[in-house]
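J.: Dropping in final06.txt, with compact mmCIF, C-alpha atoms and all ligand atoms.
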# COMPACT_ATOMS: atom_id res chain seq x y z
CA MET R 1 25.18 -3.30 -8.57
CA LYS R 2 23.16 -4.21 -11.66
CA PHE R 3 19.49 -3.21 -11.79
CA ASP R 4 18.37 -6.85 -11.36
CA GLU R 5 20.51 -7.17 -8.25
CA ILE R 6 19.17 -3.92 -6.83
CA ARG R 7 15.60 -5.09 -7.37
CA ALA R 8 16.30 -8.47 -5.77
CA ALA R 9 18.05 -6.85 -2.80
CA GLU R 10 15.20 -4.38 -2.25
CA GLU R 11 12.66 -7.17 -2.44
CA ARG R 12 14.58 -9.04 0.26
CA LEU R 13 15.58 -6.12 2.47
CA LEU R 14 12.97 -3.33 2.36
CA LEU R 15 9.51 -3.21 3.86
CA SER R 16 7.14 -3.68 0.95
CA THR R 17 5.50 -0.26 1.22
CA TYR R 18 5.89 0.76 -2.45
CA ASN R 19 5.08 -0.56 -5.90
CA ARG R 20 7.95 0.92 -7.86
CA SER R 21 7.97 1.28 -11.64
CA PRO R 22 10.82 -0.81 -13.03
CA ILE R 23 13.20 2.01 -13.97
CA LEU R 24 16.53 2.82 -12.37
CA PHE R 25 17.11 6.57 -12.45
CA THR R 26 20.65 7.84 -12.32
CA GLY R 27 20.45 11.48 -13.36
CA GLY R 28 18.37 14.42 -14.46
CA GLU R 29 18.51 17.76 -16.16
CA GLY R 30 15.79 20.40 -16.38
CA VAL R 31 12.41 18.66 -16.74
CA TYR R 32 14.02 15.34 -17.74
CA MET R 33 15.22 12.38 -15.72
CA THR R 34 17.64 9.83 -17.16
CA ASP R 35 17.75 6.12 -16.45
CA GLU R 36 20.80 3.89 -16.23
CA LYS R 37 20.73 3.27 -19.99
CA GLY R 38 20.78 7.00 -20.69
CA GLU R 39 17.09 7.13 -21.76
CA ARG R 40 15.39 10.47 -21.05
CA TYR R 41 11.99 10.73 -19.37
CA LEU R 42 9.81 13.84 -19.36
CA ASP R 43 8.91 14.30 -15.71
CA LEU R 44 5.39 15.60 -15.11
CA LEU R 45 5.42 14.53 -11.48
CA SER R 46 8.62 16.11 -10.11
CA GLY R 47 9.01 13.62 -7.26
CA ILE R 48 5.35 14.14 -6.26
CA GLY R 49 5.39 17.91 -6.44
CA VAL R 50 8.84 18.40 -4.94
CA ASN R 51 11.36 19.32 -7.65
CA ALA R 52 9.95 22.74 -8.48
CA LEU R 53 13.10 23.80 -10.33
CA GLY R 54 13.54 20.44 -12.02
CA TYR R 55 16.88 18.66 -11.97
CA GLY R 56 20.36 20.11 -11.70
CA HIS R 57 19.30 23.75 -11.39
CA PRO R 58 22.52 25.72 -10.79
CA ALA R 59 20.94 27.74 -7.97
CA ILE R 60 20.32 24.52 -6.03
CA VAL R 61 23.52 22.72 -6.98
CA GLU R 62 25.70 25.71 -6.11
CA THR R 63 23.90 26.43 -2.85
CA ILE R 64 24.28 22.81 -1.74
CA ALA R 65 27.98 22.86 -2.61
CA ARG R 66 28.61 26.14 -0.81
CA GLN R 67 26.47 25.46 2.25
CA SER R 68 27.63 21.86 2.71
CA ARG R 69 31.21 23.10 2.94
CA ALA R 70 30.14 25.60 5.61
CA LEU R 71 27.54 23.73 7.73
CA ILE R 72 25.04 20.94 7.14
CA HIS R 73 23.56 20.45 10.59
CA ILE R 74 23.90 22.08 13.99
CA SER R 75 20.60 21.21 15.83
CA ASN R 76 18.20 23.81 17.16
CA LEU R 77 20.34 24.54 20.22
CA TYR R 78 22.26 27.27 18.36
CA TYR R 79 21.78 29.95 15.73
CA HIS R 80 22.63 29.73 12.05
CA GLU R 81 21.83 32.21 9.29
CA GLY R 82 19.22 30.23 7.39
CA GLN R 83 16.07 30.10 9.56
CA ALA R 84 15.72 33.87 9.92
CA GLU R 85 16.41 34.42 6.21
CA LEU R 86 13.82 31.84 5.25
CA ALA R 87 11.26 32.87 7.87
CA MET R 88 11.36 36.46 6.57
CA ARG R 89 10.61 35.25 3.07
CA LEU R 90 7.86 32.83 4.10
CA THR R 91 5.98 35.14 6.45
CA GLU R 92 6.03 37.92 3.85
CA ARG R 93 4.62 35.62 1.16
CA THR R 94 2.01 33.74 3.23
CA GLY R 95 0.65 36.67 5.25
CA LEU R 96 1.35 34.76 8.50
CA ASP R 97 3.63 35.89 11.30
CA ARG R 98 5.68 33.03 12.72
CA VAL R 99 7.29 29.79 11.55
CA PHE R 100 8.33 26.43 12.94
CA PHE R 101 10.67 24.35 10.74
CA CYS R 102 10.62 20.58 10.44
CA ASN R 103 11.53 17.91 7.87
CA SER R 104 8.49 16.74 5.96
CA GLY R 105 4.87 17.32 5.16
CA THR R 106 3.49 15.02 7.79
CA GLU R 107 5.76 16.51 10.46
CA ALA R 108 4.51 19.98 9.54
CA TRP R 109 0.91 18.79 9.78
CA GLU R 110 1.55 17.19 13.17
CA GLY R 111 2.92 20.56 14.28
CA ALA R 112 -0.21 22.29 13.04
CA LEU R 113 -2.47 19.84 14.90
CA LYS R 114 -0.49 20.23 18.11
CA LEU R 115 -0.62 24.00 17.74
CA ALA R 116 -4.41 23.89 17.32
CA ARG R 117 -4.95 21.67 20.38
CA ALA R 118 -2.56 23.70 22.51
CA TYR R 119 -4.13 26.98 21.41
CA ALA R 120 -7.59 25.66 22.28
CA GLY R 121 -6.22 24.81 25.73
CA LEU R 122 -4.90 28.34 26.10
CA LYS R 123 -8.30 29.75 25.10
CA ARG R 124 -10.04 27.53 27.65
CA SER R 125 -7.65 28.75 30.33
CA GLU R 126 -8.75 32.25 29.35
CA GLY R 127 -12.42 31.35 29.75
CA ALA R 128 -13.44 30.31 26.22
CA LYS R 129 -15.46 27.13 25.59
CA THR R 130 -13.34 25.92 22.63
CA GLY R 131 -13.20 22.12 22.60
CA THR R 132 -10.62 19.69 21.21
CA LYS R 133 -12.36 18.29 18.14
CA PHE R 134 -10.98 18.51 14.60
CA LEU R 135 -13.19 18.77 11.53
CA ALA R 136 -11.35 17.36 8.51
CA LEU R 137 -12.61 16.81 4.98
CA GLU R 138 -13.65 13.70 3.12
CA GLN R 139 -10.97 12.76 0.54
CA GLY R 140 -8.44 14.92 2.42
CA PHE R 141 -4.84 13.76 2.76
CA HIS R 142 -2.39 15.03 5.38
CA GLY R 143 0.31 12.37 5.75
CA ARG R 144 1.25 9.07 7.37
CA THR R 145 2.20 9.74 10.99
CA PHE R 146 -0.47 9.22 13.64
CA GLY R 147 -2.07 12.65 13.81
CA SER R 148 -1.83 13.22 10.08
CA MET R 149 -3.17 9.77 9.32
CA SER R 150 -6.04 10.28 11.77
CA THR R 151 -7.12 13.41 9.90
CA THR R 152 -6.69 11.69 6.50
CA TYR R 153 -9.96 10.41 5.10
CA LYS R 154 -9.31 7.14 3.31
CA GLU R 155 -9.91 4.06 5.47
CA LYS R 156 -7.03 2.16 3.92
CA TYR R 157 -4.54 4.62 5.41
CA ARG R 158 -6.02 4.46 8.93
CA GLU R 159 -7.67 1.11 9.45
CA PRO R 160 -4.56 -1.15 9.89
CA PHE R 161 -3.22 1.16 12.61
CA ALA R 162 -6.34 1.59 14.73
CA PRO R 163 -7.06 3.03 17.18
CA VAL R 164 -6.20 6.32 15.54
CA VAL R 165 -6.07 9.71 17.31
CA SER R 166 -9.54 10.46 18.62
CA GLY R 167 -11.59 13.59 18.18
CA VAL R 168 -11.65 13.79 14.38
CA GLU R 169 -14.85 14.09 12.37
CA PHE R 170 -15.03 14.19 8.58
CA VAL R 171 -17.15 16.68 6.67
CA ARG R 172 -18.44 16.02 3.16
CA PHE R 173 -16.26 17.83 0.65
CA ASN R 174 -17.61 21.26 -0.29
CA ASP R 175 -20.86 20.56 1.58
CA VAL R 176 -21.60 23.75 3.53
CA ASP R 177 -24.67 22.26 5.22
CA ASP R 178 -22.68 19.29 6.50
CA LEU R 179 -19.97 21.65 7.76
CA ARG R 180 -22.52 23.80 9.58
CA ALA R 181 -24.19 20.72 11.06
CA LYS R 182 -20.93 19.31 12.41
CA PHE R 183 -19.43 22.59 13.62
CA SER R 184 -19.85 23.60 17.27
CA ASP R 185 -17.80 25.13 20.06
CA GLU R 186 -16.42 21.60 20.59
CA VAL R 187 -14.31 22.20 17.47
CA CYS R 188 -10.78 23.56 17.90
CA ALA R 189 -9.90 23.60 14.20
CA ILE R 190 -11.27 23.12 10.70
CA LEU R 191 -8.66 21.34 8.57
CA VAL R 192 -8.64 21.72 4.79
CA GLU R 193 -6.50 21.67 1.69
CA ALA R 194 -7.44 24.66 -0.50
CA ILE R 195 -7.00 22.28 -3.44
CA GLN R 196 -7.04 18.63 -2.46
CA GLY R 197 -4.05 16.81 -3.95
CA GLU R 198 -4.23 13.05 -3.31
CA GLY R 199 -8.00 13.47 -3.20
CA GLY R 200 -7.95 14.13 -6.94
CA VAL R 201 -6.94 17.78 -7.48
CA ARG R 202 -10.23 19.15 -6.17
CA PRO R 203 -10.48 22.83 -5.24
CA LEU R 204 -12.65 24.03 -2.39
CA THR R 205 -15.53 26.19 -3.51
CA GLN R 206 -15.34 29.85 -2.52
CA GLU R 207 -18.60 29.35 -0.62
CA PHE R 208 -17.30 26.41 1.43
CA PHE R 209 -13.96 28.04 2.20
CA ALA R 210 -15.66 31.29 3.25
CA ALA R 211 -18.14 29.37 5.42
CA ALA R 212 -15.26 27.55 7.14
CA ARG R 213 -13.54 30.89 7.83
CA ALA R 214 -16.73 32.45 9.17
CA LEU R 215 -17.59 29.47 11.40
CA ALA R 216 -14.09 29.38 12.85
CA ASN R 217 -14.29 33.12 13.54
CA SER R 218 -17.62 32.68 15.29
CA THR R 219 -16.07 30.60 18.10
CA GLY R 220 -12.36 31.35 17.98
CA ALA R 221 -11.59 27.96 16.39
CA LEU R 222 -8.72 27.88 13.92
CA LEU R 223 -8.81 27.52 10.16
CA VAL R 224 -5.82 25.35 9.26
CA VAL R 225 -4.92 25.05 5.58
CA ASP R 226 -2.58 22.33 4.31
CA GLU R 227 -0.52 23.84 1.47
CA ILE R 228 2.05 21.04 1.40
CA GLN R 229 1.19 20.11 -2.19
CA ALA R 230 -0.46 23.24 -3.60
CA GLY R 231 1.72 25.83 -1.87
CA MET R 232 5.03 27.47 -2.76
CA GLY R 233 3.91 28.83 -6.10
CA ARG R 234 2.69 25.70 -7.86
CA THR R 235 -0.75 27.18 -8.48
CA GLY R 236 0.63 30.56 -9.53
CA LYS R 237 0.36 32.10 -6.07
CA TRP R 238 2.54 31.37 -3.06
CA CYS R 239 -0.41 29.66 -1.37
CA ALA R 240 -3.53 28.29 -3.00
CA TYR R 241 -5.70 30.02 -0.35
CA GLN R 242 -4.59 33.34 -1.84
CA HIS R 243 -6.74 32.60 -4.91
CA TYR R 244 -9.73 32.82 -2.55
CA GLY R 245 -8.65 35.88 -0.61
CA ILE R 246 -9.07 33.86 2.60
CA GLN R 247 -6.38 33.98 5.26
CA PRO R 248 -5.90 30.92 7.49
CA ASP R 249 -4.67 30.99 11.09
CA VAL R 250 -2.22 28.19 10.42
CA THR R 251 -0.73 26.74 7.25
CA THR R 252 1.80 24.04 6.38
CA LEU R 253 4.38 23.91 3.60
CA ALA R 254 6.75 21.15 2.56
CA LYS R 255 7.03 19.32 -0.76
CA PRO R 256 8.71 21.93 -3.03
CA LEU R 257 9.96 24.12 -0.19
CA ALA R 258 13.64 23.19 -0.42
CA GLY R 259 13.80 22.13 -4.08
CA GLY R 260 14.22 18.42 -3.26
CA LEU R 261 15.79 18.46 0.19
CA PRO R 262 13.49 17.47 3.05
CA LEU R 263 12.06 20.55 4.75
CA GLY R 264 8.67 21.42 6.19
CA ALA R 265 7.25 24.51 7.82
CA VAL R 266 4.26 25.35 10.02
CA LEU R 267 3.21 28.99 9.83
CA CYS R 268 0.74 30.74 12.10
CA SER R 269 -0.58 34.10 13.19
CA GLU R 270 0.93 36.03 16.09
CA GLU R 271 -2.24 35.33 18.08
CA VAL R 272 -1.85 31.54 17.74
CA ALA R 273 1.93 31.68 18.21
CA ARG R 274 1.58 32.99 21.74
CA VAL R 275 0.71 29.48 22.97
CA MET R 276 4.15 28.04 22.16
CA HIS R 277 6.88 28.08 24.74
CA ALA R 278 10.42 26.71 24.78
CA GLY R 279 10.39 22.95 25.13
CA MET R 280 6.77 22.36 24.00
CA HIS R 281 7.67 21.18 20.50
CA GLY R 282 10.85 20.55 18.56
CA SER R 283 12.79 18.70 15.90
CA THR R 284 16.42 17.61 15.77
CA PHE R 285 16.93 18.05 12.03
CA GLY R 286 14.20 20.62 11.36
CA GLY R 287 15.33 23.82 9.68
CA GLY R 288 18.95 22.79 9.31
CA PRO R 289 21.46 25.10 7.62
CA LEU R 290 21.58 23.15 4.34
CA ALA R 291 17.83 22.78 3.82
CA CYS R 292 17.17 26.42 4.78
CA ALA R 293 19.89 27.77 2.48
CA VAL R 294 18.45 25.80 -0.43
CA ALA R 295 14.90 26.95 0.35
CA VAL R 296 16.07 30.56 0.33
CA ALA R 297 17.73 29.92 -3.04
CA VAL R 298 14.54 28.27 -4.35
CA ILE R 299 12.36 31.25 -3.38
CA ASP R 300 14.82 33.77 -4.80
CA THR R 301 15.07 31.77 -8.04
CA LEU R 302 11.28 31.41 -8.36
CA GLU R 303 11.12 35.20 -8.19
CA LYS R 304 14.13 36.00 -10.33
CA GLU R 305 12.93 33.66 -13.08
CA ASN R 306 9.32 34.79 -12.69
CA LEU R 307 8.21 31.18 -12.29
CA LEU R 308 4.88 31.80 -10.56
CA ALA R 309 3.61 33.69 -13.58
CA HIS R 310 5.17 31.02 -15.77
CA ALA R 311 3.35 28.26 -13.84
CA THR R 312 0.07 30.11 -14.39
CA GLU R 313 0.74 30.60 -18.09
CA VAL R 314 1.88 27.06 -18.89
CA GLY R 315 -0.72 25.57 -16.52
CA ASP R 316 -3.53 27.45 -18.30
CA TYR R 317 -2.19 26.22 -21.62
CA PHE R 318 -2.02 22.65 -20.27
CA GLN R 319 -5.66 22.74 -19.13
CA GLN R 320 -6.75 24.31 -22.41
CA GLN R 321 -5.04 21.53 -24.37
CA LEU R 322 -6.54 18.86 -22.09
CA ARG R 323 -9.99 20.38 -22.63
CA ALA R 324 -9.45 20.29 -26.38
CA LEU R 325 -8.48 16.63 -25.98
CA ALA R 326 -11.64 16.01 -23.94
CA THR R 327 -13.80 17.26 -26.82
CA ARG R 328 -12.31 14.46 -28.95
CA HIS R 329 -12.25 11.72 -26.28
CA ASP R 330 -15.33 10.97 -24.17
CA ALA R 331 -13.11 9.01 -21.77
CA ILE R 332 -11.93 12.34 -20.30
CA VAL R 333 -14.79 13.34 -18.01
CA ASP R 334 -13.24 16.39 -16.33
CA VAL R 335 -10.20 18.67 -16.51
CA ARG R 336 -9.33 20.82 -13.50
CA GLY R 337 -6.60 22.39 -11.43
CA LYS R 338 -4.72 25.63 -11.01
CA GLY R 339 -1.34 26.60 -12.40
CA LEU R 340 0.85 23.51 -12.64
CA MET R 341 -1.38 21.41 -10.40
CA VAL R 342 -3.46 19.83 -13.15
CA ALA R 343 -5.74 16.83 -13.45
CA ALA R 344 -7.65 14.98 -16.11
CA GLU R 345 -10.28 12.64 -14.73
CA LEU R 346 -11.00 9.54 -16.82
CA ASP R 347 -14.15 7.45 -16.87
CA SER R 348 -12.56 4.33 -15.40
CA ALA R 349 -9.82 3.29 -13.00
CA ASP R 350 -8.54 0.63 -15.41
CA LEU R 351 -8.15 3.21 -18.14
CA ALA R 352 -6.31 5.57 -15.80
CA GLN R 353 -3.90 2.78 -14.80
CA ALA R 354 -3.38 1.92 -18.45
CA ALA R 355 -2.72 5.57 -19.28
CA VAL R 356 0.04 5.85 -16.68
CA ALA R 357 1.66 2.64 -18.01
CA GLU R 358 1.32 3.74 -21.63
CA MET R 359 2.77 7.19 -20.92
CA LEU R 360 5.72 5.49 -19.26
CA LYS R 361 6.33 3.67 -22.56
CA HIS R 362 6.38 7.12 -24.18
CA ARG R 363 8.90 8.05 -21.47
CA ILE R 364 6.54 10.49 -19.79
CA LEU R 365 6.09 10.26 -16.02
CA ILE R 366 2.62 10.95 -14.64
CA ASN R 367 0.57 9.34 -11.91
CA CYS R 368 -2.95 8.42 -11.07
CA THR R 369 -4.62 9.43 -7.84
CA SER R 370 -8.09 8.73 -6.44
CA ASP R 371 -8.42 5.80 -8.88
CA THR R 372 -9.49 7.71 -11.98
CA VAL R 373 -7.57 10.98 -11.89
CA LEU R 374 -4.44 11.54 -13.98
CA ARG R 375 -2.38 14.01 -12.01
CA PHE R 376 0.26 16.34 -13.39
CA LEU R 377 2.62 18.06 -10.92
CA PRO R 378 5.52 19.03 -13.20
CA PRO R 379 8.50 21.21 -12.34
CA TYR R 380 7.54 24.90 -12.66
CA ILE R 381 10.06 25.25 -15.51
CA LEU R 382 7.83 23.16 -17.82
CA GLU R 383 7.36 24.71 -21.30
CA ARG R 384 4.48 24.59 -23.76
CA ALA R 385 6.45 22.22 -26.00
CA HIS R 386 6.51 19.64 -23.18
CA VAL R 387 2.75 20.01 -22.83
CA ASP R 388 2.37 19.40 -26.58
CA THR R 389 4.44 16.21 -26.36
CA THR R 390 2.29 15.00 -23.48
CA ILE R 391 -1.00 15.83 -25.18
CA ALA R 392 0.09 14.04 -28.36
CA ALA R 393 0.96 10.89 -26.38
CA LEU R 394 -2.35 10.98 -24.49
CA ASP R 395 -4.23 11.58 -27.73
CA GLN R 396 -2.63 8.52 -29.31
CA PHE R 397 -3.34 6.38 -26.24
CA LEU R 398 -7.01 7.45 -26.03
CA ALA R 399 -7.52 6.97 -29.77
CA GLU R 400 -6.14 3.43 -29.58
CA HIS R 401 -8.29 2.72 -26.54
CA ALA R 402 -11.40 4.03 -28.33
CA ALA R 403 -10.59 1.93 -31.41
CA ASN R 404 -10.16 -1.19 -29.26
CA SER R 405 -13.37 -0.71 -27.32
CA ALA R 406 -15.31 0.14 -30.51
CA ALA R 407 -14.46 -3.33 -31.81
CA PRO R 408 -14.80 -5.50 -28.68
CA SER R 409 -15.59 -8.66 -30.68
CA GLN R 410 -12.23 -8.73 -32.45
CA GLY R 411 -10.37 -10.37 -29.58
CA GLY R 412 -13.14 -12.95 -29.36
CA GLN R 413 -12.93 -13.70 -33.07
CA ILE R 414 -9.23 -14.48 -32.81
CA HIS R 415 -9.91 -16.99 -30.08
CA GLY R 416 -13.06 -18.28 -31.77
C1 LIG R 501 2.29 14.91 0.57
C2 LIG R 501 1.33 15.58 1.46
C3 LIG R 501 1.45 15.49 2.84
C4 LIG R 501 2.49 14.62 3.52
O1 LIG R 501 3.80 15.02 3.21
P1 LIG R 501 5.02 14.02 3.48
O2 LIG R 501 6.23 14.86 3.22
O3 LIG R 501 4.86 12.86 2.55
O4 LIG R 501 4.94 13.59 4.90
C5 LIG R 501 0.54 16.19 3.62
N1 LIG R 501 -0.41 16.94 3.06
C6 LIG R 501 -0.56 17.06 1.73
C7 LIG R 501 -1.62 17.94 1.17
C8 LIG R 501 0.30 16.36 0.88
O5 LIG R 501 0.15 16.46 -0.44
Written as structure tokens, how would this file's structure read?
T.:
Amino acid sequence: MKFDEIRAAEERLLLSTYNRSPILFTGGEGVYMTDEKGERYLDLLSGIGVNALGYGHPAIVETIARQSRALIHISNLYYHEGQAELAMRLTERTGLDRVFFCNSGTEAWEGALKLARAYAGLKRSEGAKTGTKFLALEQGFHGRTFGSMSTTYKEKYREPFAPVVSGVEFVRFNDVDDLRAKFSDEVCAILVEAIQGEGGVRPLTQEFFAAARALANSTGALLVVDEIQAGMGRTGKWCAYQHYGIQPDVTTLAKPLAGGLPLGAVLCSEEVARVMHAGMHGSTFGGGPLACAVAVAVIDTLEKENLLAHATEVGDYFQQQLRALATRHDAIVDVRGKGLMVAAELDSADLAQAAVAEMLKHRILINCTSDTVLRFLPPYILERAHVDTTIAALDQFLAEHAANSAAPSQGGQIHG
């Protein structure tokens, strides 16, 4: 099918849930994607934080070839080699004890919510007062299924599907007083992202994170940290909470976990894990042989190629270059992030939209989140030279924008 035909067919046949950019991608290599005309695009988004090793990495390609010849799917009724191999690696790197495998971020988050409610029930049966309420954060994002959506802040994600899951209260981001005011023994879990992703690449303060940990400890409530976007090495550590030295009771992983294949994981402490019994929770596809084998290969490759340190190094360079750009362009109001989770906040939503469109013309893929925030979630194999290319394109765009807005009457004169 020709691109025009594909677009027409999608318009007719798919639910209109996405606004796609008009490019048809057919291949990729390293940090580049290629469209149907053979044009290369520098990918600073990696499929929204998924393709940690970029495109066509031999470790992934060869593992898929080998494992797909052996087994792709068997269900969770039987054993295969992959879950134990992967669970060993994940528990060692997250500091948690047990894992449940699923297929996506939102499914992992649902698992975490169910675990928290069930654990609170167990505590009550043992005489504790722990209630059923969740405290989630303003601007937080946890996914699109009912529980995840109900703990996601933005109205637009929840409102059309009301009534949402009850028992969720939102706390002002990084506001310790608000957290203290809303916390009580009614709360079964405090739900946070260590660094908010969709919310605009906003890190928790040490003070807020520590207060959440201490409050949870004071009643036996759980601290649940969503690492679906920030986890798996993107920020230079396996989990973003490790930058704070704070250990959660439950965490969730997904996006980059299996290098592009769908895979999610819920991890928890031994104490929390004791609530789960056979039959309480499950997933047909979750933790299949193919996805697990690739995830094992991803972790081993991240280590062999030293890519966590690389993400830190190139990410620091990226932020440094963005800061230098900000000194020349007032339109950049903030630069933040950790490792290769980087953001530049602009002073207007229109400008941010225009930047994404203009960068696409330069064949650089970025996106805009929370209206004004340019977000960069590149593959971890990004090099300084790619950062330089990006900075030069942004510099040119912002200079042109500044020139245009410095002479606002020009357009008028043409018409006049
Ligand atoms: C993307 C994301 C999710 C949802 O993951 P899906 O795989 O899209 O369901 C949940 N939490 C965070 C922090 C995310 O970034």
J.: Within 10 Å of ligand LIG 501 (chain R), which residues of chain R come that close, and what is the closest atom pair and distance in Å for each? Count all atoms listed in the file and give it as JSON lines.
T.:
{"residue": "R:Ile48", "atom": "CA", "partner": "R:LIG501", "partner_atom": "C1", "distance": 7.5}
{"residue": "R:Gly49", "atom": "CA", "partner": "R:LIG501", "partner_atom": "O5", "distance": 8.1}
{"residue": "R:Val50", "atom": "CA", "partner": "R:LIG501", "partner_atom": "C1", "distance": 9.2}
{"residue": "R:Asn103", "atom": "CA", "partner": "R:LIG501", "partner_atom": "O2", "distance": 7.7}
{"residue": "R:Ser104", "atom": "CA", "partner": "R:LIG501", "partner_atom": "O2", "distance": 4.0}
{"residue": "R:Gly105", "atom": "CA", "partner": "R:LIG501", "partner_atom": "O1", "distance": 3.2}
{"residue": "R:Thr106", "atom": "CA", "partner": "R:LIG501", "partner_atom": "O4", "distance": 3.5}
{"residue": "R:Glu107", "atom": "CA", "partner": "R:LIG501", "partner_atom": "O4", "distance": 6.3}
{"residue": "R:Ala108", "atom": "CA", "partner": "R:LIG501", "partner_atom": "O4", "distance": 7.9}
{"residue": "R:Trp109", "atom": "CA", "partner": "R:LIG501", "partner_atom": "C5", "distance": 6.7}
{"residue": "R:Glu110", "atom": "CA", "partner": "R:LIG501", "partner_atom": "O4", "distance": 9.6}
{"residue": "R:Gly140", "atom": "CA", "partner": "R:LIG501", "partner_atom": "C7", "distance": 7.6}
{"residue": "R:Phe141", "atom": "CA", "partner": "R:LIG501", "partner_atom": "N1", "distance": 5.5}
{"residue": "R:His142", "atom": "CA", "partner": "R:LIG501", "partner_atom": "N1", "distance": 3.6}
{"residue": "R:Gly143", "atom": "CA", "partner": "R:LIG501", "partner_atom": "C4", "distance": 3.8}
{"residue": "R:Arg144", "atom": "CA", "partner": "R:LIG501", "partner_atom": "O4", "distance": 6.3}
{"residue": "R:Thr145", "atom": "CA", "partner": "R:LIG501", "partner_atom": "O4", "distance": 7.7}
{"residue": "R:Ser148", "atom": "CA", "partner": "R:LIG501", "partner_atom": "C5", "distance": 7.5}
{"residue": "R:Met149", "atom": "CA", "partner": "R:LIG501", "partner_atom": "C5", "distance": 9.4}
{"residue": "R:Thr152", "atom": "CA", "partner": "R:LIG501", "partner_atom": "N1", "distance": 8.9}
{"residue": "R:Val192", "atom": "CA", "partner": "R:LIG501", "partner_atom": "C7", "distance": 8.8}
{"residue": "R:Glu193", "atom": "CA", "partner": "R:LIG501", "partner_atom": "C7", "distance": 6.2}
{"residue": "R:Ala194", "atom": "CA", "partner": "R:LIG501", "partner_atom": "C7", "distance": 9.0}
{"residue": "R:Ile195", "atom": "CA", "partner": "R:LIG501", "partner_atom": "C7", "distance": 8.3}
{"residue": "R:Gln196", "atom": "CA", "partner": "R:LIG501", "partner_atom": "C7", "distance": 6.6}
{"residue": "R:Gly197", "atom": "CA", "partner": "R:LIG501", "partner_atom": "O5", "distance": 5.5}
{"residue": "R:Glu198", "atom": "CA", "partner": "R:LIG501", "partner_atom": "O5", "distance": 6.2}
{"residue": "R:Gly199", "atom": "CA", "partner": "R:LIG501", "partner_atom": "C7", "distance": 8.9}
{"residue": "R:Val225", "atom": "CA", "partner": "R:LIG501", "partner_atom": "C7", "distance": 9.0}
{"residue": "R:Asp226", "atom": "CA", "partner": "R:LIG501", "partner_atom": "C7", "distance": 5.5}
{"residue": "R:Glu227", "atom": "CA", "partner": "R:LIG501", "partner_atom": "C7", "distance": 6.0}
{"residue": "R:Ile228", "atom": "CA", "partner": "R:LIG501", "partner_atom": "C6", "distance": 4.8}
{"residue": "R:Gln229", "atom": "CA", "partner": "R:LIG501", "partner_atom": "O5", "distance": 4.2}
{"residue": "R:Ala230", "atom": "CA", "partner": "R:LIG501", "partner_atom": "C7", "distance": 7.2}
{"residue": "R:Gly231", "atom": "CA", "partner": "R:LIG501", "partner_atom": "C7", "distance": 9.1}
{"residue": "R:Thr252", "atom": "CA", "partner": "R:LIG501", "partner_atom": "N1", "distance": 8.1}
{"residue": "R:Leu253", "atom": "CA", "partner": "R:LIG501", "partner_atom": "N1", "distance": 8.5}
{"residue": "R:Ala254", "atom": "CA", "partner": "R:LIG501", "partner_atom": "O2", "distance": 6.3}
{"residue": "R:Lys255", "atom": "CA", "partner": "R:LIG501", "partner_atom": "O2", "distance": 6.0}
{"residue": "R:Pro256", "atom": "CA", "partner": "R:LIG501", "partner_atom": "O2", "distance": 9.8}
{"residue": "R:Pro262", "atom": "CA", "partner": "R:LIG501", "partner_atom": "O2", "distance": 7.7}
{"residue": "R:Leu263", "atom": "CA", "partner": "R:LIG501", "partner_atom": "O2", "distance": 8.3}
{"residue": "R:Gly264", "atom": "CA", "partner": "R:LIG501", "partner_atom": "O2", "distance": 7.6}
J.: So which residues touch Cys268 (chain R) within 7 Å, counting all atoms listed in the file, skipping near sequence neighbours fewer than 4 positions away, as a list of chain:residue names?
T.: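 Here the qualifying residues turn out to be R:Leu96, R:Asp97, R:Arg98, R:Val99, R:Asp249, R:Val250, R:Thr251, R:Val272, R:Ala273.
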J.: So, counting only C-alpha atoms, which residue among R:Ala407, R:Ala181, R:Ala385, R:Ile332 is closest to Ala349 (chain R)?
T.: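 Among the listed residues, the smallest separation from Ala349 (chain R) belongs to R:Ile332.
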J.: Region 72-83 of chain R: which residues within 12 Å, counting only C-alpha atoms, same-chain residues fewer than 2 positions away excluded, as a PyMOL selection string?
T.: chain R and resi 63-70+85-91+98-102+258+261+263-265+278-279+281-297
J.: Please report as a tab-separated table every residue of region 340-415 of chain R lying within 12 Å of region 7-23 of chain R, along with the nearest atom pair and their distance in Å (one decimal), using all atoms listed in the file.
T.:
residue	atom	partner	partner_atom	distance
R:Val356	CA	R:Ser21	CA	10.4
R:Ala357	CA	R:Ser21	CA	9.1
R:Leu360	CA	R:Ser21	CA	9.0
R:Lys361	CA	R:Ile23	CA	11.1
R:Arg363	CA	R:Ile23	CA	10.5
R:Leu365	CA	R:Ser21	CA	10.2
R:Ile366	CA	R:Ser21	CA	11.5
R:Asn367	CA	R:Ser21	CA	10.9
J.: Keeping C-alpha atoms, export the residues of the selection given above as a CSV table (one decimal), keeping the file's coordinate frame.
T.:
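The file below, part-v4.csv, is the result:
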chain,number,residue,atom,x,y,z
R,356,VAL,CA,0.0,5.8,-16.7
R,357,ALA,CA,1.7,2.6,-18.0
R,360,LEU,CA,5.7,5.5,-19.3
R,361,LYS,CA,6.3,3.7,-22.6
R,363,ARG,CA,8.9,8.0,-21.5
R,365,LEU,CA,6.1,10.3,-16.0
R,366,ILE,CA,2.6,11.0,-14.6
R,367,ASN,CA,0.6,9.3,-11.9
J.: Go through R:Thr219, R:Ser46, R:Thr34, R:Ser184 one by one, measure the shortest atom-to-atom distance of each to Pro379 (chain R) using all atoms listed in the file, and give the residue with the smallest value.
T.: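 Of all the options, R:Ser46 lies closest to Pro379 (chain R).
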